[in-house]
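Enquirer: This is the structure I want to talk about, given as structure tokens.
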Number of protein chains: 2
Amino acid sequence: MSERIVRVNMRTQEVKEEPVPERWKLFGGRAMTSAVVAEEVPPTCTALGPANKLVFAGGLLGGSAAPISGRISVGAKSPLTGTIKESNAGGQAGQILARLGIRALVIEDQPADPDKRYTLEVRKGSVRLVESPELKGLGNYDTVAELVERYGEKKVGFITIGQAGEMGLTAASVACTDREMRPTRHAGRGGLGAVMGSKGLKAVVLDDSETQMRQPGDKEAFREASKKFAKALKEHPVTGEGLPTYGTNVLQNIINEAGGLPTRNFREGRFEGASKISGEAQHDVILERGGKIAHGCHSGCVIQCSRIYMDKDGNYKTKGPEYETIWSFGTDCCIDDLDAIAEMDRLSDDIGLDTIEMGATLAVAMEAGLAKFGDANAAIELMKEVGRGTPLGRILGCGAKVTGQCFGVAHVPVVKGQAMPAYEPRAIQGIGVTYATSTMGADHTAGYAIATNILKVGGYVDPLKPEGQVELSRNLQIATAAIDSTGLCLFVAFAVMDKPEAFEAVYEMINAFYGTSLGPDDVTELGKAVLAMERRWNEAAGFTSADDRLPDWMYREPLPPHNTVFMVPDEELDQVFNFVE
Amino acid sequence: MSERIVRVNMRTQEVKEEPVPERWKLFGGRAMTSAVVAEEVPPTCTALGPANKLVFAGGLLGGSAAPISGRISVGAKSPLTGTIKESNAGGQAGQILARLGIRALVIEDQPADPDKRYTLEVRKGSVRLVESPELKGLGNYDTVAELVERYGEKKVGFITIGQAGEMGLTAASVACTDREMRPTRHAGRGGLGAVMGSKGLKAVVLDDSETQMRQPGDKEAFREASKKFAKALKEHPVTGEGLPTYGTNVLQNIINEAGGLPTRNFREGRFEGASKISGEAQHDVILERGGKIAHGCHSGCVIQCSRIYMDKDGNYKTKGPEYETIWSFGTDCCIDDLDAIAEMDRLSDDIGLDTIEMGATLAVAMEAGLAKFGDANAAIELMKEVGRGTPLGRILGCGAKVTGQCFGVAHVPVVKGQAMPAYEPRAIQGIGVTYATSTMGADHTAGYAIATNILKVGGYVDPLKPEGQVELSRNLQIATAAIDSTGLCLFVAFAVMDKPEAFEAVYEMINAFYGTSLGPDDVTELGKAVLAMERRWNEAAGFTSADDRLPDWMYREPLPPHNTVFMVPDEELDQVFNFVE
């Protein structure tokens, strides 16, 4: 079955299919979503209005036997940042969408009646909208339960939004079900759940029946490259050992030790309670309670950084939680209680919220005096307000910037309106460059300088000095844009940066699959092309170098324990995209 | 006494005085506030952080015998729009500040303890800060009552903020007392009250004791020019008859008739209840109840468009209310009850809120379903929420954009985050050009195209056609920037546009006062210079042509009754500032 673009008009309910145009032939994942947004969405449009488009795309290697290649990209104009936005997630959706031969699923316009809710059923040979009044107002867990009732739980993947997306809150996420049919894998950043909500789309059902694994053009070469790739991932200490054993939260102690763990609303770089919520502590609690470590968030994962977290009675509570989540609800709010954090993670997944944005928001709310730092019960109650859609909940559900605005807090850690993740730019200067300049707003995944600043992967650049950070961030942003387009999980980058054979394997898999003859430079060129597309669209939307800055207090207030400020000069920040005309 | 710049550091409590530098010699009002902000405030700073500065400046002719020359300009980086901001007000403050020989009063930095409140006492020969814990949390009326208790009510003027400014809400205004010592004259737009609040400054006391009227260099020439100016104002039908008799609200019927009166959150251009809240109806109610028409908001006013509004029992309720206020709380919310509107005006003055922003916000809230259009009691309750600082009140107090964001409303009439005033760009295209391109966000006073589009002052340009609007708006924006720098009330523009002798009198008064020899071109050059300064600073703050646009739905959704959209092409909008390099 040849690949195609599927377009669904939410006003007319028409579904159109078209072949993948030649210019998009080698675009998958982020390259695909950003290309559709860049070419088709007016940069100055209202993000929750009819002119915005919501795009789903698996990666170039999605649906194939390539290891860990099942990420799904979700793209649109972000209602949180106003920038172009790609947010990607694990779960099963990416693989199924690719196996259905759909390179991009584009949701257009919006229903005349904003109270209508729809489910989009996507099957082999059929794409159609059905009205779903019964799903209105449900959280993601209940939504998925209803969908399972109707569509079963075998050979199916769901993409849903919770109450936050329906309310149009700008911290709303898009949830994808994992292998256990739980809505735990979220395209969290940038409020894309609100875009989905603005289109009346409550759920997408991806039916995997009668599909087959996508087959490469050159099976033998593909098998070889895949094997080489999997081997490199297994051999690297981060992807082969650290991540499967302790999960992403292996970072809690490491970043704390480095003095770059944002604590108490980015007032300090070290948290006295970090060890109690570290990956090591989490590992023990999970095993004691019969949970699961070394779990894959989607079929085909060979890293297995996901985990399943049980409550005190040994019943399923939530996935992970991930490092970013444990940091945001834990460290940044000074809460050193894994169960409380798991509760907030579960609430976020259910209401459909970005955990990074929400934790950072609660910390701003605590600074405003709405709760005391460290008060887990108060924090959980605040999260519940969001689900109920109270005025306070709506403020919080719009993220850290709006919360700061409404409560008169000037110390708000955002870039382009999006909350910073779990790394302090004043102690880890390289990540500050990425936060400041990323086309997406503050986003660690856009150019994960932590790898080289702290983990010494791909070399070493001193995190406390401004020198070399711009080049580091630039190279990482380019590489990331390319990886995000393959469907490969970004965590492959640890091996790719350290092992030449891992990097080779990436383009060899693509070449074997598509009959191309890409080399290393082509990967770089793809990354540059994606960033250039995004950057130009952002410019047309009104973004300038003045937006590529950290909040002014990060240049002024020294951060303990290193007592450093952010030191990379503006002129250097303006050189990150020196390859874009 | 030679004129000087007075700087007050709110962290150190130091007061510094310096002579007016040569380059600012002919800068008053807006030219003065914008020059200080442009030269001294980092464009990308946090508006409610220590790097912002709040500047008060009377006009070049302030404190003199020139008719209607007592406006006060307040400037800062706006926390609402992120742009440079000048908002000016009537009341007594402008005259007294000028008579004290203070060309600009610059409030810098902020106290280490954000819970502290200060009063700045400004007297002849002395400027000092005193702690004022007793004023904390008071509305403007109670604050003024306390100040009167302490400082008396003769020969004194107060500048204060209400609860909104203390809470840092971005619709917060700065209030100036009128001749009756009531806090009714507000620098409303752009949230400057929040900037004042962020500096811990609750009140400024301007003591007029031992001051004298400022004397011109050439008394005879000044007297002649002043007489000529006053005569022209008296003879023009708008300033000599329409405004004194019916007040600014004379526009309600006129704009309704033109089909350009934004109704029901900018869904329609005509309001069925307009006549019930028109200037004519208001005139009768005021006189019946023993109120006052033809009242001046400050000493030296010869137009007298202010009025005093009594309640049903004949007791003082509020000033005006003005046209913009009656439109915002009335028409835009479909409330045709003058007493309800007066109640909301009084609440706005007391809590310290911009009535334009708040009415537009209530209309957005009504569209979100928080109240029914036309429900006056519900609207009044919503206003009270703002004063109480409830979460809902804080949302509303942050203005229309945040309210739309929190409640998922995409149909929000803002430009650069600031709510549009009482004229519909789709029916009056010229004002749309001003809203889109003004350095201040949506602002009718920045280039009042209504004059020529509707009132046929200064010629006529068809309001329903895109042709000629850019030139009209450009010329008006230039003239306005100049007038706003003189301290003259903008309403003099009706006479200045129609009567050559009125325009001559403006620069003749300045020449006679300062010993200069300005001609008409110099006035234009001053206006251009002010706009260029503002525009360049905005660019450095990150604003581009993409921000010089109306909301996308105004280009798409036709407005009844004319069923027109906004038609001025982007390329033409980008020519408004063709004189700025």
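Residues are named by chain letter and number: chains run A, B, ... in the order of the structure tokens, numbers start at 1 in each chain, and ligands are numbered from 1 in the order shown.
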Write out, as a tab-separated table, each residue of chain B that has an atom at most 8 Å from chain A, together with the closest pair of atoms and their distance in Å to one decimal, counting only C-alpha atoms, rows going by chain and rising number.

Expert:
```
residue	atom	partner	partner_atom	distance
B:Thr44	CA	A:Ala546	CA	6.5
B:Cys45	CA	A:Asp552	CA	5.6
B:Thr46	CA	A:Asp552	CA	6.5
B:Leu48	CA	A:Ala410	CA	5.9
B:Gly49	CA	A:Ala410	CA	6.0
B:Met167	CA	A:Gly408	CA	5.9
B:Gly168	CA	A:Gly408	CA	4.6
B:Leu169	CA	A:Cys406	CA	6.3
B:Thr170	CA	A:Gln405	CA	7.5
B:Pro391	CA	A:Leu392	CA	5.0
B:Leu392	CA	A:Pro391	CA	5.0
B:Arg394	CA	A:Cys406	CA	5.3
B:Ile395	CA	A:Cys406	CA	6.0
B:Gly397	CA	A:Cys406	CA	7.9
B:Cys398	CA	A:Cys406	CA	6.3
B:Val402	CA	A:Val402	CA	7.2
B:Gln405	CA	A:Leu169	CA	7.0
B:Cys406	CA	A:Arg394	CA	5.3
B:Phe407	CA	A:Met167	CA	6.9
B:Gly408	CA	A:Gly168	CA	4.6
B:Ala410	CA	A:Leu48	CA	5.9
B:Ala540	CA	A:Ala546	CA	6.4
B:Ala541	CA	A:Ala546	CA	5.7
B:Gly542	CA	A:Ala546	CA	4.7
B:Phe543	CA	A:Gly542	CA	6.6
B:Thr544	CA	A:Gly542	CA	5.4
B:Ser545	CA	A:Gly542	CA	7.0
B:Ala546	CA	A:Gly542	CA	4.7
B:Asp547	CA	A:Gly542	CA	6.2
B:Pro551	CA	A:Thr46	CA	7.2
B:Asp552	CA	A:Cys45	CA	5.6
```

Enquirer: Output N, CA and C atoms for every residue in the selection just made, as a tab-separated table (two decimals), in the first residue's frame.

Expert:
```tsv
chain	number	residue	atom	x	y	z
B	44	THR	N	13.69	43.71	26.67
B	44	THR	CA	13.22	42.35	26.96
B	44	THR	C	13.07	42.09	28.46
B	45	CYS	N	13.08	43.12	29.26
B	45	CYS	CA	12.97	42.89	30.70
B	45	CYS	C	11.57	42.43	31.07
B	46	THR	N	11.47	41.85	32.26
B	46	THR	CA	10.17	41.49	32.83
B	46	THR	C	9.49	42.78	33.27
B	48	LEU	N	7.12	43.50	35.27
B	48	LEU	CA	6.89	43.71	36.70
B	48	LEU	C	8.14	43.44	37.53
B	49	GLY	N	9.29	43.40	36.88
B	49	GLY	CA	10.55	43.20	37.58
B	49	GLY	C	11.25	44.52	37.86
B	167	MET	N	-2.15	43.89	43.25
B	167	MET	CA	-2.10	42.46	42.89
B	167	MET	C	-1.30	42.21	41.62
B	168	GLY	N	-0.93	43.27	40.92
B	168	GLY	CA	-0.17	43.10	39.68
B	168	GLY	C	-1.03	42.67	38.51
B	169	LEU	N	-2.32	42.93	38.59
B	169	LEU	CA	-3.20	42.53	37.48
B	169	LEU	C	-2.97	43.43	36.27
B	170	THR	N	-2.96	42.83	35.10
B	170	THR	CA	-2.48	43.57	33.94
B	170	THR	C	-3.53	44.48	33.29
B	391	PRO	N	-9.64	33.81	42.30
B	391	PRO	CA	-9.04	33.33	41.05
B	391	PRO	C	-9.79	33.84	39.82
B	392	LEU	N	-11.12	33.79	39.85
B	392	LEU	CA	-11.87	34.30	38.71
B	392	LEU	C	-11.61	35.80	38.53
B	394	ARG	N	-8.98	37.43	39.32
B	394	ARG	CA	-7.64	37.65	38.79
B	394	ARG	C	-7.56	37.39	37.29
B	395	ILE	N	-8.29	36.38	36.85
B	395	ILE	CA	-8.35	36.13	35.40
B	395	ILE	C	-8.91	37.37	34.70
B	397	GLY	N	-9.20	40.38	35.77
B	397	GLY	CA	-8.35	41.56	35.99
B	397	GLY	C	-7.09	41.55	35.15
B	398	CYS	N	-6.79	40.42	34.53
B	398	CYS	CA	-5.65	40.38	33.60
B	398	CYS	C	-6.09	40.69	32.18
B	402	VAL	N	-6.14	37.06	28.46
B	402	VAL	CA	-6.00	35.98	29.45
B	402	VAL	C	-7.35	35.33	29.72
B	405	GLN	N	-7.99	33.03	26.98
B	405	GLN	CA	-7.11	31.86	27.09
B	405	GLN	C	-7.62	30.88	28.16
B	406	CYS	N	-7.98	31.42	29.33
B	406	CYS	CA	-8.41	30.54	30.42
B	406	CYS	C	-9.75	29.87	30.13
B	407	PHE	N	-10.61	30.53	29.38
B	407	PHE	CA	-11.92	29.96	29.13
B	407	PHE	C	-12.10	29.45	27.71
B	408	GLY	N	-11.00	29.30	26.99
B	408	GLY	CA	-11.07	28.66	25.68
B	408	GLY	C	-11.87	29.44	24.64
B	410	ALA	N	-11.80	31.79	21.47
B	410	ALA	CA	-10.86	32.20	20.43
B	410	ALA	C	-11.22	33.57	19.85
B	540	ALA	N	13.13	46.20	19.32
B	540	ALA	CA	14.14	45.56	20.18
B	540	ALA	C	13.48	44.63	21.20
B	541	ALA	N	12.23	44.93	21.54
B	541	ALA	CA	11.49	44.06	22.46
B	541	ALA	C	10.92	42.85	21.75
B	542	GLY	N	11.04	42.79	20.42
B	542	GLY	CA	10.62	41.60	19.69
B	542	GLY	C	9.38	41.77	18.84
B	543	PHE	N	8.91	43.00	18.68
B	543	PHE	CA	7.71	43.19	17.86
B	543	PHE	C	8.08	43.35	16.39
B	544	THR	N	7.26	42.75	15.53
B	544	THR	CA	7.50	42.81	14.09
B	544	THR	C	6.19	43.13	13.39
B	545	SER	N	6.25	43.18	12.09
B	545	SER	CA	5.03	43.45	11.32
B	545	SER	C	3.96	42.39	11.58
B	546	ALA	N	4.37	41.19	11.97
B	546	ALA	CA	3.37	40.15	12.27
B	546	ALA	C	2.49	40.55	13.45
B	547	ASP	N	3.01	41.42	14.31
B	547	ASP	CA	2.22	41.89	15.44
B	547	ASP	C	1.30	43.05	15.05
B	551	PRO	N	-6.87	40.58	14.81
B	551	PRO	CA	-7.11	39.13	14.97
B	551	PRO	C	-7.64	38.55	13.66
B	552	ASP	N	-7.24	37.32	13.37
B	552	ASP	CA	-7.54	36.77	12.04
B	552	ASP	C	-9.02	36.69	11.71
```

Enquirer: So that I can check the surroundings of segment 449-451 of chain B, please list as a list of chain:residue names every protein, DNA and RNA residue that reaches within 9 Å of it, counting only C-alpha atoms and ignoring chain neighbours fewer than 3 positions away.

Expert: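 Contacts, in chain order: B:Ile255, B:Tyr423, B:Ile428, B:Gln429, B:Gly430, B:Ile431, B:Gly432, B:Val433, B:Thr434, B:His444, B:Thr445, B:Ile454, B:Leu455, B:Lys456, B:Val457, B:Gly458, B:Gly459, B:Tyr460, B:Val461, B:Pro463, B:Gln469, B:Leu472, B:Ser473, B:Leu476, B:Phe494.
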
Enquirer: Return the single residue from B:Gly193, B:Pro413, B:Pro560, B:Gly217 that is closest to Ile161 of chain B, with distances computed using only C-alpha atoms.

Expert: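 With only C-alpha atoms as the atom set, the closest residue is B:Gly193.
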
Enquirer: Please list as number ranges by chain every residue within 8 Å of Glu322 of chain A, counting only C-alpha atoms and excluding residues in the same chain fewer than 6 positions away.

Expert: A: 247-249, 306

Enquirer: Report as an MDAnalysis selection string: the residues of segment 251-346 of chain B with a DSSP assignment of helix (DSSP H, G or I), based on the backbone of this structure.

Expert: chainID B and resid 251:257 274:277 279:288 323:333 338:346

Enquirer: Could you pull the residues within 12 Å of Glu272 of chain B, counting only C-alpha atoms, minus those fewer than 5 positions along the same chain, as a VMD selection string?

Expert: chain B and resid 252 to 253 256 to 257 259 261 to 264 277 to 278 330 to 332 334 to 336 374
